[in-house]
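Peer 1: I'm passing along structure.tsv; it holds TSV, C-alpha atoms.
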chain	number	residue	atom	x	y	z
A	1	MET	CA	-11.97	2.42	-4.89
A	2	ARG	CA	-14.04	0.84	-7.56
A	3	VAL	CA	-17.38	-0.10	-6.05
A	4	LEU	CA	-19.20	-1.43	-9.10
A	5	THR	CA	-21.61	1.48	-8.97
A	6	THR	CA	-22.81	0.74	-12.49
A	7	LEU	CA	-23.78	-2.75	-11.41
A	8	LEU	CA	-25.58	-1.44	-8.39
A	9	SER	CA	-27.79	0.92	-10.36
A	10	LEU	CA	-29.19	-1.71	-12.69
A	11	GLY	CA	-32.09	-2.87	-10.56
A	12	LEU	CA	-30.46	-6.21	-9.89
A	13	LEU	CA	-31.90	-6.50	-6.40
A	14	THR	CA	-35.18	-8.32	-6.13
A	15	PRO	CA	-38.40	-6.37	-5.76
A	16	VAL	CA	-41.36	-6.46	-3.40
A	17	ALA	CA	-41.03	-9.99	-2.02
A	18	PHE	CA	-37.50	-9.22	-0.88
A	19	ALA	CA	-38.54	-5.91	0.64
A	20	GLU	CA	-41.30	-7.59	2.60
A	21	ARG	CA	-39.06	-10.18	4.25
A	22	ALA	CA	-35.83	-8.16	4.64
A	23	PRO	CA	-35.01	-7.05	8.19
A	24	PRO	CA	-35.08	-3.32	8.91
A	25	LEU	CA	-31.81	-1.58	8.10
A	26	ALA	CA	-29.93	0.44	10.68
A	27	PRO	CA	-29.99	4.13	9.73
A	28	ILE	CA	-26.86	5.71	8.28
A	29	VAL	CA	-25.79	8.94	10.01
A	30	GLU	CA	-24.92	11.14	7.06
A	31	ARG	CA	-22.79	13.59	9.04
A	32	ASP	CA	-20.51	10.74	10.11
A	33	THR	CA	-19.59	9.94	6.50
A	34	PRO	CA	-17.00	11.75	4.36
A	35	GLU	CA	-18.51	14.76	2.62
A	36	ARG	CA	-18.09	13.30	-0.85
A	37	CYS	CA	-20.01	10.20	0.24
A	38	ARG	CA	-23.05	11.97	1.68
A	39	PRO	CA	-25.23	11.71	-1.45
A	40	LEU	CA	-24.80	7.93	-1.21
A	41	ALA	CA	-25.47	8.04	2.53
A	42	LYS	CA	-28.75	9.82	1.83
A	43	ARG	CA	-29.72	7.15	-0.72
A	44	ALA	CA	-28.77	4.46	1.79
A	45	ASN	CA	-31.59	5.65	4.06
A	46	VAL	CA	-34.42	5.48	1.51
A	47	PRO	CA	-37.42	3.34	2.55
A	48	GLU	CA	-37.17	0.98	-0.43
A	49	VAL	CA	-34.93	-1.79	0.87
A	50	SER	CA	-33.34	-2.95	-2.38
A	51	GLN	CA	-32.35	0.62	-3.29
A	52	ALA	CA	-31.02	1.23	0.22
A	53	MET	CA	-28.89	-1.91	0.11
A	54	SER	CA	-27.54	-1.04	-3.33
A	55	ALA	CA	-26.58	2.39	-2.05
A	56	ARG	CA	-24.92	0.89	1.03
A	57	ILE	CA	-22.66	-1.26	-1.12
A	58	ALA	CA	-21.53	1.82	-3.05
A	59	LEU	CA	-21.30	3.85	0.17
A	60	ALA	CA	-18.95	1.31	1.77
A	61	GLY	CA	-16.52	1.68	-1.12
A	62	CYS	CA	-16.74	5.46	-1.03
A	63	ILE	CA	-16.02	5.60	2.71
A	64	ALA	CA	-13.09	3.20	2.42
A	65	ASP	CA	-11.70	5.21	-0.48
A	66	ALA	CA	-11.89	8.48	1.40
A	67	ARG	CA	-10.51	7.18	4.70
A	68	VAL	CA	-7.57	5.31	3.18
A	69	ALA	CA	-6.68	8.36	1.07
A	70	GLU	CA	-6.13	10.30	4.30
A	71	LEU	CA	-3.39	7.89	5.45
A	72	SER	CA	0.34	8.24	4.87
A	73	LEU	CA	1.33	4.66	4.17
A	74	ILE	CA	4.71	3.00	4.51
A	75	ASP	CA	5.76	-0.63	4.12
A	76	GLY	CA	5.23	-1.55	7.74
A	77	GLN	CA	2.80	-3.08	10.21
A	78	GLU	CA	1.72	0.35	11.41
A	79	SER	CA	0.19	1.07	8.01
A	80	MET	CA	-1.57	-2.29	7.99
A	81	LEU	CA	-3.12	-1.52	11.36
A	82	ALA	CA	-4.11	1.98	10.25
A	83	ILE	CA	-5.84	0.62	7.14
A	84	ASP	CA	-7.62	-2.07	9.14
A	85	ALA	CA	-8.92	0.58	11.53
A	86	VAL	CA	-10.33	2.94	8.90
A	87	VAL	CA	-11.91	0.24	6.73
A	88	ALA	CA	-13.57	-1.57	9.63
A	89	PRO	CA	-16.80	0.52	9.43
A	90	PRO	CA	-17.27	0.15	5.65
A	91	LEU	CA	-16.52	-3.55	5.87
A	92	ALA	CA	-19.12	-3.86	8.64
A	93	LEU	CA	-21.57	-2.07	6.35
A	94	LEU	CA	-20.88	-4.59	3.58
A	95	ASP	CA	-21.25	-7.48	6.02
A	96	SER	CA	-24.64	-6.15	7.13
A	97	VAL	CA	-25.80	-6.17	3.50
A	98	ILE	CA	-24.40	-9.67	2.99
A	99	GLU	CA	-26.29	-10.87	6.06
A	100	ALA	CA	-29.62	-9.24	5.21
A	101	GLY	CA	-29.69	-9.36	1.43
A	102	ASP	CA	-31.16	-11.80	-1.03
A	103	PRO	CA	-28.73	-13.91	-3.12
A	104	SER	CA	-28.27	-11.23	-5.79
A	105	THR	CA	-27.55	-8.59	-3.18
A	106	LYS	CA	-25.19	-10.85	-1.28
A	107	ILE	CA	-23.20	-11.51	-4.42
A	108	MET	CA	-22.78	-7.84	-5.26
A	109	ALA	CA	-21.76	-6.99	-1.68
A	110	LEU	CA	-19.31	-9.89	-1.64
A	111	ARG	CA	-17.83	-8.71	-4.94
A	112	ALA	CA	-17.38	-5.21	-3.51
A	113	LYS	CA	-15.69	-6.75	-0.46
A	114	ALA	CA	-13.31	-8.78	-2.63
A	115	ASP	CA	-12.49	-5.71	-4.72
A	116	LEU	CA	-11.83	-3.65	-1.61
A	117	TYR	CA	-9.40	-6.15	-0.11
A	118	THR	CA	-7.68	-6.58	-3.50
A	119	GLN	CA	-7.15	-2.83	-3.76
A	120	LEU	CA	-5.90	-2.57	-0.18
A	121	ALA	CA	-3.34	-5.29	-0.82
A	122	ALA	CA	-2.18	-3.49	-3.96
A	123	LYS	CA	-1.83	-0.22	-2.04
A	124	MET	CA	0.35	-1.87	0.56
A	125	MET	CA	2.51	-3.59	-2.05
A	126	ASN	CA	3.03	-0.21	-3.71
A	127	THR	CA	4.50	1.19	-0.48
A	128	VAL	CA	7.67	-0.85	-1.00
A	129	PRO	CA	10.22	1.71	-2.20
A	130	ALA	CA	12.37	1.28	-5.25
A	131	PRO	CA	15.99	0.23	-4.71
A	132	ALA	CA	18.12	3.08	-3.41
A	133	ASN	CA	20.64	2.45	-6.17
A	134	THR	CA	21.54	-0.12	-8.80
A	135	SER	CA	23.70	-2.29	-6.58
A	136	PRO	CA	22.83	-5.97	-6.00
A	137	GLU	CA	22.60	-5.24	-2.28
A	138	ALA	CA	19.92	-2.59	-2.85
A	139	ALA	CA	17.95	-4.95	-5.08
A	140	THR	CA	18.18	-7.69	-2.47
A	141	LEU	CA	17.00	-5.35	0.28
A	142	ARG	CA	14.08	-4.21	-1.85
A	143	GLU	CA	13.04	-7.79	-2.56
A	144	LEU	CA	13.21	-8.62	1.14
A	145	ARG	CA	10.96	-5.72	1.98
A	146	ARG	CA	8.56	-6.77	-0.79
A	147	GLN	CA	8.38	-10.29	0.62
A	148	ILE	CA	7.66	-8.95	4.11
A	149	VAL	CA	4.75	-6.83	2.87
A	150	ASP	CA	3.53	-9.70	0.70
A	151	ALA	CA	3.33	-11.87	3.82
A	152	MET	CA	1.53	-9.12	5.74
A	153	VAL	CA	-1.24	-8.80	3.15
A	154	MET	CA	-1.88	-12.55	2.94
A	155	PRO	CA	-4.88	-12.34	5.34
A	156	TRP	CA	-6.45	-9.77	3.01
A	157	ARG	CA	-5.86	-12.03	0.03
A	158	GLU	CA	-7.52	-14.86	1.94
A	159	GLN	CA	-10.54	-12.60	2.45
A	160	VAL	CA	-10.62	-12.06	-1.31
A	161	ARG	CA	-10.49	-15.80	-1.96
A	162	ALA	CA	-13.21	-16.48	0.62
A	163	ALA	CA	-15.49	-13.84	-0.89
A	164	HIS	CA	-15.06	-15.25	-4.40
A	165	GLN	CA	-15.72	-18.78	-3.13
A	166	THR	CA	-18.91	-17.66	-1.40
A	167	ILE	CA	-20.06	-15.98	-4.61
A	168	VAL	CA	-19.50	-19.18	-6.58
A	169	ASP	CA	-21.28	-21.23	-3.92
A	170	LEU	CA	-24.27	-18.88	-3.99
A	171	GLY	CA	-24.41	-19.14	-7.76
A	172	ARG	CA	-24.50	-22.93	-7.56
A	173	ALA	CA	-27.16	-22.87	-4.86
A	174	HIS	CA	-29.34	-20.43	-6.85
A	175	PRO	CA	-29.31	-21.40	-10.54
A	176	GLU	CA	-32.14	-18.93	-11.16
A	177	LEU	CA	-29.52	-16.16	-10.94
A	178	ILE	CA	-28.44	-17.05	-14.47
A	179	ARG	CA	-31.36	-14.89	-15.63
A	180	ASN	CA	-29.60	-11.81	-14.26
A	181	PRO	CA	-26.67	-11.04	-16.59
A	182	VAL	CA	-24.97	-8.67	-14.15
A	183	VAL	CA	-25.01	-11.16	-11.29
A	184	GLN	CA	-24.06	-14.01	-13.63
A	185	GLY	CA	-21.10	-11.93	-14.78
A	186	ALA	CA	-19.98	-11.50	-11.17
A	187	ILE	CA	-20.23	-15.25	-10.59
A	188	GLN	CA	-18.21	-16.04	-13.70
A	189	SER	CA	-15.59	-13.47	-12.71
A	190	SER	CA	-15.24	-15.11	-9.29
A	191	GLU	CA	-14.86	-18.51	-10.95
A	192	ARG	CA	-12.00	-17.11	-13.04
A	193	GLU	CA	-10.33	-15.53	-10.01
A	194	LEU	CA	-10.46	-18.80	-8.11
A	195	ALA	CA	-9.06	-20.71	-11.10
A	196	ILE	CA	-6.18	-18.26	-11.41
A	197	ALA	CA	-5.43	-18.48	-7.69
A	198	LEU	CA	-5.41	-22.26	-7.87
A	199	ALA	CA	-3.14	-22.31	-10.91
A	200	THR	CA	-0.61	-19.95	-9.32
A	201	SER	CA	-0.61	-21.43	-5.82
Is it possible to give me this structure as structure tokens?
Peer 2:
Amino acid sequence: MRVLTTLLSLGLLTPVAFAERAPPLAPIVERDTPERCRPLAKRANVPEVSQAMSARIALAGCIADARVAELSLIDGQESMLAIDAVVAPPLALLDSVIEAGDPSTKIMALRAKADLYTQLAAKMMNTVPAPANTSPEAATLRELRRQIVDAMVMPWREQVRAAHQTIVDLGRAHPELIRNPVVQGAIQSSERELAIALATS
């Protein structure tokens, strides 16, 4: 899943003052992460707090990507529960960054969280099979199944909306963030997402 790794490598987290007041980060056990994510897990344990938090945001996306890819998904509640179970640890990792980070860090972690939930919802919507044939009955059955899955993913979409709203609120509370073009871009993107959601609700 897209984790905004380019954004996270741009030094957008604040320097020494942030490192001095940030709480200590819980260590990441590299062997407990998917093999392809272990370089990020190693970076997530570096002493420099801003770099560690940046790596943790990217690591959360990598873990979620790998764990969801292992699942065989169908358009049913069982798949929803399976996804919720495997993404719980990476979401907890993002939440720990949101809790401990400075405003810039919080915004990037919130954006990664919104992206993750958006992608999960899309994956579930894609599990709805095509109509078995061209009959009206098959089309009706397919639409019914689509509506059922659409209702199931609504809590994830609410998480997306909440993350975007928090990003916008942080931007308003910290006007100094306008000096950081990457963070400002994330704020503006969240404003657009909220406007679209409002217009289509």
Peer 1: For A:Ala121, which of A:Ala197, A:Ala64, A:Met154, A:Ala163 is the closest residue, counting all atoms listed in the file?
Peer 2: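 Nearest candidate to A:Ala121 out of A:Ala197, A:Ala64, A:Met154, A:Ala163: A:Met154.
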Peer 1: Given the choices A:Asp32, A:Leu141, A:Leu170, A:Ala88, which gets closest to A:Asp102 if the distance is worked out from all atoms listed in the file?
Peer 2: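 Answer, going by the shortest atom-to-atom distance: A:Leu170.
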Peer 1: List as a VMD selection string the residues having at least one atom at most 10 Å from position (-14.4, -6.9, -3.0) as given in the file, counting all atoms listed in the file.
Peer 2: chain A and resid 1 to 4 61 91 94 108 to 120 159 to 161 163 to 164
Peer 1: For each of A:Val128, A:Ile107, A:Val86, A:Leu198, take the minimum atom-to-atom distance to A:Ala66, counting only C-alpha atoms, then give the residue where this is smallest.
Peer 2: A:Val86
Peer 1: Could you tell me how far atom CA of A:Gly185 lies from atom CA of A:Arg172, in Å and to one decimal?
Peer 2: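 Atom CA of A:Arg172 lies 13.6 Å from atom CA of A:Gly185.
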